[in-house]
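Data from target.csv: CSV, C-alpha atoms
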chain,number,residue,atom,x,y,z
A,12,MET,CA,99.6,59.0,41.2
A,13,ILE,CA,96.4,59.5,39.4
A,14,ALA,CA,94.6,57.9,42.4
A,15,VAL,CA,96.3,60.5,44.6
A,16,PHE,CA,94.9,63.3,42.4
A,17,VAL,CA,91.4,61.7,42.5
A,18,VAL,CA,91.6,61.5,46.4
A,19,ALA,CA,92.8,65.1,46.6
A,20,TRP,CA,90.0,66.4,44.3
A,21,LEU,CA,87.3,64.3,46.1
A,22,LEU,CA,88.3,66.0,49.4
A,23,GLU,CA,88.6,69.4,47.7
A,24,CYS,CA,85.1,69.1,46.2
A,25,GLY,CA,83.5,68.0,49.5
A,26,PHE,CA,82.7,64.4,48.6
A,27,LEU,CA,80.2,62.8,50.9
A,28,THR,CA,79.2,66.3,52.3
A,29,SER,CA,76.4,68.6,51.5
A,30,ARG,CA,78.7,71.0,49.6
A,31,PHE,CA,79.8,68.4,47.1
A,32,ASP,CA,80.6,70.0,43.7
A,33,LEU,CA,80.5,67.4,40.9
A,34,ARG,CA,81.3,69.9,38.2
A,35,ARG,CA,84.5,71.0,40.0
A,36,LEU,CA,85.4,67.4,40.6
A,37,LEU,CA,85.1,66.6,36.9
A,38,PHE,CA,87.2,69.7,36.1
A,39,GLY,CA,90.0,68.4,38.3
A,40,VAL,CA,89.8,64.6,37.7
A,41,LEU,CA,89.3,64.4,34.0
A,42,PRO,CA,92.7,65.9,33.0
A,43,ALA,CA,94.4,63.4,35.4
A,44,LEU,CA,92.4,60.5,33.8
A,45,GLY,CA,93.3,61.9,30.4
A,46,ILE,CA,97.0,61.9,31.2
A,47,GLY,CA,96.7,58.2,32.3
A,48,ALA,CA,94.7,57.3,29.2
A,49,GLY,CA,97.2,59.2,27.0
A,50,TYR,CA,100.1,57.3,28.4
A,51,PHE,CA,98.4,54.0,27.8
A,52,VAL,CA,97.5,54.9,24.2
A,53,LEU,CA,101.1,55.9,23.6
A,54,ARG,CA,102.3,52.8,25.3
A,55,PHE,CA,100.0,50.7,23.0
A,56,LEU,CA,101.3,52.4,19.9
A,57,VAL,CA,104.9,51.6,20.9
A,58,MET,CA,104.4,48.2,22.4
A,59,LYS,CA,101.5,46.9,20.3
A,60,THR,CA,99.8,45.4,23.4
A,61,TRP,CA,97.6,46.5,26.3
A,62,GLN,CA,99.1,43.8,28.4
A,63,ILE,CA,100.8,44.9,31.6
A,64,GLY,CA,103.7,42.9,33.0
A,65,GLY,CA,104.6,39.5,31.8
A,66,GLY,CA,106.7,37.6,34.2
A,67,PRO,CA,108.7,38.1,37.4
A,68,ASN,CA,108.9,41.9,37.5
A,69,TYR,CA,107.5,44.8,39.5
A,70,THR,CA,104.7,45.6,37.1
A,71,PRO,CA,101.4,44.3,38.3
A,72,ASN,CA,99.9,41.5,36.2
A,73,PHE,CA,96.2,40.8,36.9
A,74,ALA,CA,96.0,37.6,34.9
A,75,PRO,CA,94.3,34.8,37.0
A,76,LYS,CA,97.5,32.7,36.9
A,77,SER,CA,99.6,35.5,38.2
A,78,LEU,CA,97.1,36.4,40.9
A,79,PHE,CA,97.0,32.8,42.0
A,80,GLU,CA,100.8,32.6,42.1
A,81,HIS,CA,101.1,35.8,44.2
A,82,GLY,CA,98.4,34.6,46.5
A,83,TRP,CA,100.1,31.3,46.9
A,84,MET,CA,103.5,33.0,47.7
A,85,THR,CA,101.9,35.3,50.2
A,86,TRP,CA,100.3,32.4,52.0
A,87,GLY,CA,103.6,30.6,51.9
A,88,ASN,CA,105.3,33.6,53.6
A,89,VAL,CA,102.6,33.8,56.3
A,90,TRP,CA,103.0,30.0,56.8
A,91,ASN,CA,106.8,30.3,57.1
A,92,VAL,CA,106.5,33.1,59.7
A,93,SER,CA,103.9,31.2,61.7
A,94,VAL,CA,105.7,27.8,61.8
A,95,GLY,CA,109.3,28.7,60.9
A,96,LEU,CA,112.0,27.4,63.1
A,97,PRO,CA,113.4,29.9,65.6
A,98,ASP,CA,117.1,30.3,65.6
A,99,PRO,CA,118.2,31.2,69.2
A,100,THR,CA,121.8,31.7,68.2
A,101,LEU,CA,121.0,34.8,66.2
A,102,TYR,CA,121.9,38.2,67.5
A,103,GLY,CA,123.1,36.8,70.9
A,104,PHE,CA,119.7,35.8,72.1
A,105,ALA,CA,120.8,32.2,72.9
A,106,ASP,CA,119.1,30.8,76.0
A,107,VAL,CA,117.0,33.9,76.4
A,108,ARG,CA,113.3,33.3,77.4
A,109,LEU,CA,110.8,34.3,74.7
A,110,ALA,CA,113.7,34.7,72.2
A,111,LEU,CA,111.3,33.3,69.6
A,112,LEU,CA,109.6,36.7,69.7
A,113,PHE,CA,112.8,38.6,68.9
A,114,THR,CA,114.9,36.4,66.7
A,115,TYR,CA,113.8,34.4,63.8
A,116,SER,CA,115.1,32.8,60.6
A,117,ILE,CA,113.3,31.6,57.6
A,118,LEU,CA,115.2,29.1,55.5
A,119,GLY,CA,118.4,30.2,57.1
A,120,SER,CA,117.9,34.0,56.5
A,121,PRO,CA,117.3,36.4,59.4
A,122,ALA,CA,113.8,37.6,59.4
A,123,PRO,CA,112.4,40.9,60.7
A,124,ILE,CA,112.0,41.0,64.5
A,125,THR,CA,108.3,40.0,65.0
A,126,VAL,CA,107.6,42.1,68.0
A,127,LEU,CA,109.0,45.3,66.6
A,128,LEU,CA,107.1,44.7,63.4
A,129,ALA,CA,103.9,44.3,65.3
A,130,VAL,CA,104.5,47.4,67.4
A,131,THR,CA,105.3,49.4,64.2
A,132,LEU,CA,102.1,48.2,62.6
A,133,ALA,CA,100.0,49.1,65.6
A,134,LEU,CA,101.6,52.6,65.8
A,135,PHE,CA,101.0,53.1,62.1
A,136,VAL,CA,97.3,52.1,62.3
A,137,ALA,CA,96.7,54.2,65.4
A,138,SER,CA,98.5,57.2,63.7
A,139,VAL,CA,96.4,56.9,60.5
A,140,VAL,CA,93.2,56.7,62.5
A,141,TRP,CA,94.2,59.7,64.6
A,142,MET,CA,95.3,61.8,61.6
A,143,ILE,CA,92.1,61.1,59.7
A,144,ARG,CA,90.0,62.1,62.7
A,145,VAL,CA,92.0,65.4,63.1
A,146,ASP,CA,91.9,66.4,59.4
A,147,ARG,CA,90.7,64.3,56.5
A,148,ARG,CA,93.0,66.1,54.1
A,149,VAL,CA,95.8,63.9,55.5
A,150,LEU,CA,94.4,61.3,53.0
A,151,VAL,CA,96.3,63.1,50.3
A,152,PRO,CA,99.8,62.3,51.6
A,153,LEU,CA,98.6,58.9,52.8
A,154,ALA,CA,97.4,58.1,49.3
A,155,LEU,CA,100.8,59.3,48.0
A,156,CYS,CA,102.4,56.9,50.5
A,157,ALA,CA,100.1,54.0,49.4
A,158,CYS,CA,100.8,54.6,45.7
A,159,PHE,CA,104.5,53.8,46.2
B,16,MET,CA,127.3,46.4,24.0
B,17,SER,CA,129.6,48.5,26.2
B,18,ILE,CA,128.5,51.7,27.9
B,19,GLY,CA,130.7,53.6,25.5
B,20,ASP,CA,129.0,52.1,22.4
B,21,LEU,CA,125.7,52.7,24.0
B,22,ILE,CA,126.4,56.4,24.6
B,23,LYS,CA,127.8,56.8,21.1
B,24,ALA,CA,124.6,55.2,19.7
B,25,THR,CA,122.2,57.2,21.8
B,26,LYS,CA,123.9,60.5,20.8
B,27,HIS,CA,122.6,59.8,17.3
B,28,HIS,CA,119.3,58.2,18.3
B,29,PHE,CA,118.4,59.9,21.5
B,30,TRP,CA,114.7,60.2,21.1
B,31,ALA,CA,114.4,56.8,19.6
B,32,ALA,CA,116.1,55.4,22.6
B,33,VAL,CA,113.9,57.4,25.0
B,34,PHE,CA,110.8,56.0,23.4
B,35,SER,CA,112.1,52.5,23.1
B,36,ILE,CA,110.9,49.5,25.1
B,37,HIS,CA,112.9,48.4,28.0
B,38,ASP,CA,113.3,44.7,28.9
B,39,LYS,CA,110.5,43.9,26.4
B,40,ILE,CA,107.8,44.8,29.0
B,41,PHE,CA,108.5,48.4,30.2
B,42,PHE,CA,107.7,51.6,28.5
B,43,ARG,CA,109.1,54.4,30.6
B,44,PRO,CA,110.2,57.3,28.3
B,45,VAL,CA,110.7,59.8,31.1
B,46,ALA,CA,112.9,57.5,33.1
B,47,LYS,CA,115.0,56.7,30.0
B,48,PHE,CA,115.2,60.4,29.2
B,49,TRP,CA,116.9,61.2,32.5
B,50,VAL,CA,119.1,58.1,32.6
B,51,ILE,CA,120.5,58.6,29.1
B,52,LEU,CA,120.8,62.4,29.5
B,53,TRP,CA,122.8,62.0,32.6
B,54,HIS,CA,125.1,59.4,31.0
B,55,LEU,CA,125.6,61.8,28.1
B,56,LEU,CA,126.3,65.0,30.0
B,57,ALA,CA,127.9,64.0,33.3
B,58,PRO,CA,131.5,63.1,33.7
B,59,ARG,CA,132.2,59.5,34.6
B,60,THR,CA,132.9,60.2,38.3
B,61,PRO,CA,131.1,57.7,40.6
B,62,MET,CA,131.1,60.2,43.5
B,63,LEU,CA,129.1,62.6,41.3
B,64,TYR,CA,126.4,60.0,40.9
B,65,HIS,CA,126.1,59.5,44.7
B,66,ALA,CA,126.2,63.3,45.3
B,67,ARG,CA,123.4,63.7,42.7
B,68,ASN,CA,121.2,61.2,44.5
B,69,LEU,CA,121.9,62.9,47.9
B,70,VAL,CA,121.0,66.3,46.5
B,71,LEU,CA,117.8,64.9,45.0
B,72,LEU,CA,116.8,63.2,48.2
B,73,ALA,CA,117.4,66.5,50.1
B,74,LEU,CA,115.2,68.2,47.6
B,75,ALA,CA,112.5,65.5,48.2
B,76,ALA,CA,112.8,66.0,51.9
B,77,GLY,CA,112.2,69.8,51.4
B,78,LEU,CA,109.2,69.2,49.2
B,79,LEU,CA,107.8,66.8,51.8
B,80,TYR,CA,108.1,69.5,54.4
B,81,LEU,CA,106.4,72.1,52.2
B,82,THR,CA,103.6,69.6,51.4
B,83,MET,CA,103.0,69.0,55.1
B,84,ALA,CA,103.2,72.8,55.8
B,85,ARG,CA,100.2,73.1,53.3
B,86,LEU,CA,98.2,70.6,55.3
B,87,THR,CA,98.9,71.5,58.9
B,88,ARG,CA,100.0,74.5,61.0
B,89,SER,CA,101.8,72.3,63.5
B,90,ARG,CA,105.6,72.6,63.1
B,91,LEU,CA,105.9,69.2,64.7
B,92,ALA,CA,103.6,67.6,62.3
B,93,CYS,CA,105.7,69.0,59.5
B,94,LEU,CA,109.0,67.8,60.9
B,95,LEU,CA,108.0,64.3,61.9
B,96,PRO,CA,107.4,62.9,58.4
B,97,VAL,CA,110.7,64.6,57.2
B,98,LEU,CA,112.5,63.0,60.2
B,99,PHE,CA,111.1,59.5,59.3
B,100,PHE,CA,112.0,60.1,55.7
B,101,VAL,CA,115.6,61.1,56.5
B,102,VAL,CA,116.3,58.3,58.9
B,103,CYS,CA,114.8,55.6,56.7
B,104,LYS,CA,117.6,53.2,55.8
B,105,MET,CA,116.4,53.1,52.2
B,106,GLN,CA,117.9,56.5,51.6
B,107,LEU,CA,121.4,55.1,52.2
B,108,VAL,CA,120.7,52.4,49.6
B,109,THR,CA,119.5,55.1,47.1
B,110,ILE,CA,122.6,57.2,47.7
B,111,GLY,CA,124.8,54.2,47.4
B,112,TYR,CA,123.2,52.9,44.3
B,113,GLY,CA,124.5,55.4,41.8
B,114,ALA,CA,122.3,54.2,38.9
B,115,ALA,CA,119.1,55.0,40.9
B,116,ILE,CA,118.4,58.3,39.2
B,117,ASP,CA,115.0,57.3,38.0
B,118,SER,CA,113.5,56.5,41.4
B,119,VAL,CA,114.7,59.7,43.1
B,120,ILE,CA,113.6,62.0,40.2
B,121,SER,CA,110.2,60.4,40.0
B,122,LEU,CA,109.9,60.8,43.8
B,123,VAL,CA,110.7,64.6,43.4
B,124,GLU,CA,108.2,64.8,40.5
B,125,ALA,CA,105.5,63.1,42.5
B,126,LEU,CA,106.0,65.3,45.5
B,127,SER,CA,106.1,68.4,43.3
B,128,ALA,CA,102.8,67.3,41.7
B,129,VAL,CA,101.0,67.0,45.0
B,130,LEU,CA,102.6,70.2,46.4
B,131,LEU,CA,101.5,72.3,43.4
B,132,LEU,CA,98.0,70.8,43.5
B,133,LEU,CA,97.7,71.9,47.1
B,134,VAL,CA,99.0,75.4,46.2
B,135,PHE,CA,96.2,75.5,43.6
B,136,PHE,CA,93.6,74.5,46.1
B,137,GLN,CA,94.7,77.1,48.6
B,138,LYS,CA,95.7,80.0,46.4
B,139,GLY,CA,93.8,79.3,43.1
B,140,SER,CA,97.0,79.7,41.1
B,141,HIS,CA,96.4,78.2,37.6
B,142,VAL,CA,100.1,78.2,37.0
B,143,ALA,CA,100.4,75.8,39.9
B,144,LEU,CA,97.5,73.7,38.6
B,145,VAL,CA,99.2,73.3,35.1
B,146,GLY,CA,102.5,72.6,36.9
B,147,SER,CA,100.9,69.8,39.0
B,148,TYR,CA,99.4,68.1,35.9
B,149,ALA,CA,102.8,68.4,34.1
B,150,MET,CA,104.5,66.7,37.0
B,151,LEU,CA,101.7,64.1,37.1
B,152,ALA,CA,102.3,63.4,33.4
B,153,LEU,CA,106.0,62.9,34.1
B,154,THR,CA,105.4,60.3,36.8
B,155,VAL,CA,102.8,58.2,35.0
B,156,GLY,CA,104.2,54.7,34.1
B,157,ARG,CA,107.4,55.2,36.1
B,158,GLY,CA,109.1,52.6,38.3
B,159,ILE,CA,108.5,52.3,42.0
B,160,PRO,CA,110.5,55.0,43.9
B,161,GLY,CA,112.3,52.9,46.4
B,162,SER,CA,113.4,56.0,48.2
B,163,CYS,CA,109.8,56.6,49.3
The structure in this file should be written as structure tokens.
Amino acid sequence: MIAVFVVAWLLECGFLTSRFDLRRLLFGVLPALGIGAGYFVLRFLVMKTWQIGGGPNYTPNFAPKSLFEHGWMTWGNVWNVSVGLPDPTLYGFADVRLALLFTYSILGSPAPITVLLAVTLALFVASVVWMIRVDRRVLVPLALCACF
Amino acid sequence: MSIGDLIKATKHHFWAAVFSIHDKIFFRPVAKFWVILWHLLAPRTPMLYHARNLVLLALAAGLLYLTMARLTRSRLACLLPVLFFVVCKMQLVTIGYGAAIDSVISLVEALSAVLLLLVFFQKGSHVALVGSYAMLALTVGRGIPGSC
């Protein structure tokens, strides 16, 4: 959320334009950074540690071991999708040509439909490019989307 | 410890519970505040929990529309994100998962923070600016709003 505020203030202050107002940017961004710093100080006082995360949870952990494990799992997912066995019996697609593109299973679990995912991703990328070209302020809700 | 014992204990140690550590790795006082407060005040009616989540999601959809209305004059551009938000299957999970008060409230707070910041940019209202930072402070350190 703090990153969303930073993006919003950068746009408001004309970042990368001739009307860039650094003083106004600091006026807007410093309170947001202060709120973040205040939270972490309070968190440290209660938890007695600056460490974030600590095992299999949703809090990011930037320790090298954790980064390696997540990278390894991501590669494993990509590998499974790329070489996983198609299951033509799923969703009534048995004996249908190119069923591989529409039905999939990874370790026995139905996986997302590859073609629809690809179409969705392409639509999303095209939409983002179009929106930014129309009005750069769209980066504010996009940053909000990304932070979740 | 049963939920009854938990409620009895938290009545006497409300703020200590709010600022306590969760699962040894999380420090989310605002989330705990809402969860404990709801358990203390609301009757034990499951339907009420689902209705609460539905109302909060409707509020989030309204805030999303108002946010977009601040960024574009196109009615279609305002309605499309709301449409995608409403039809997202994750909303059904959030409504069905009665304990999910934290994610929906943090979503409402995050959207309110961005909306109020945009109001400040456009109208120069310092009340809106203070409100946006207040909402930002409430969202810092929160869980991932699945409903987004």
What residues in chain B lie within 8 Å of chain A, counting all atoms listed in the file, written as a VMD selection string? chain B and resid 34 to 36 40 to 42 86 125 129 136 148 151 to 152 154 to 156 159 to 161 163
Please provide as number ranges by chain all residues within 6 Å of Val33 (chain B), with the sequence filter that same-chain residues fewer than 3 positions apart are discarded (counting only C-alpha atoms). B: 30, 44, 47-48
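Closest approach to Gly77 (chain B) from the set B:Gly146, B:Pro96, B:Pro58, B:Gly113 is made by B:Pro96, with distances taken over all atoms listed in the file.
Atom pair CA of Phe38 (chain A) / CA of Ala157 (chain A) has a distance of 24.3 Å (rounded to one decimal).
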Given all atoms listed in the file as the basis, pick out the residue of B:Leu153, B:Ile120, B:Leu126, B:Leu74 nearest to Trp53 (chain B). B:Ile120
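We find CA of Leu72 (chain B) and CA of Leu22 (chain A) to be spaced 28.7 Å apart.
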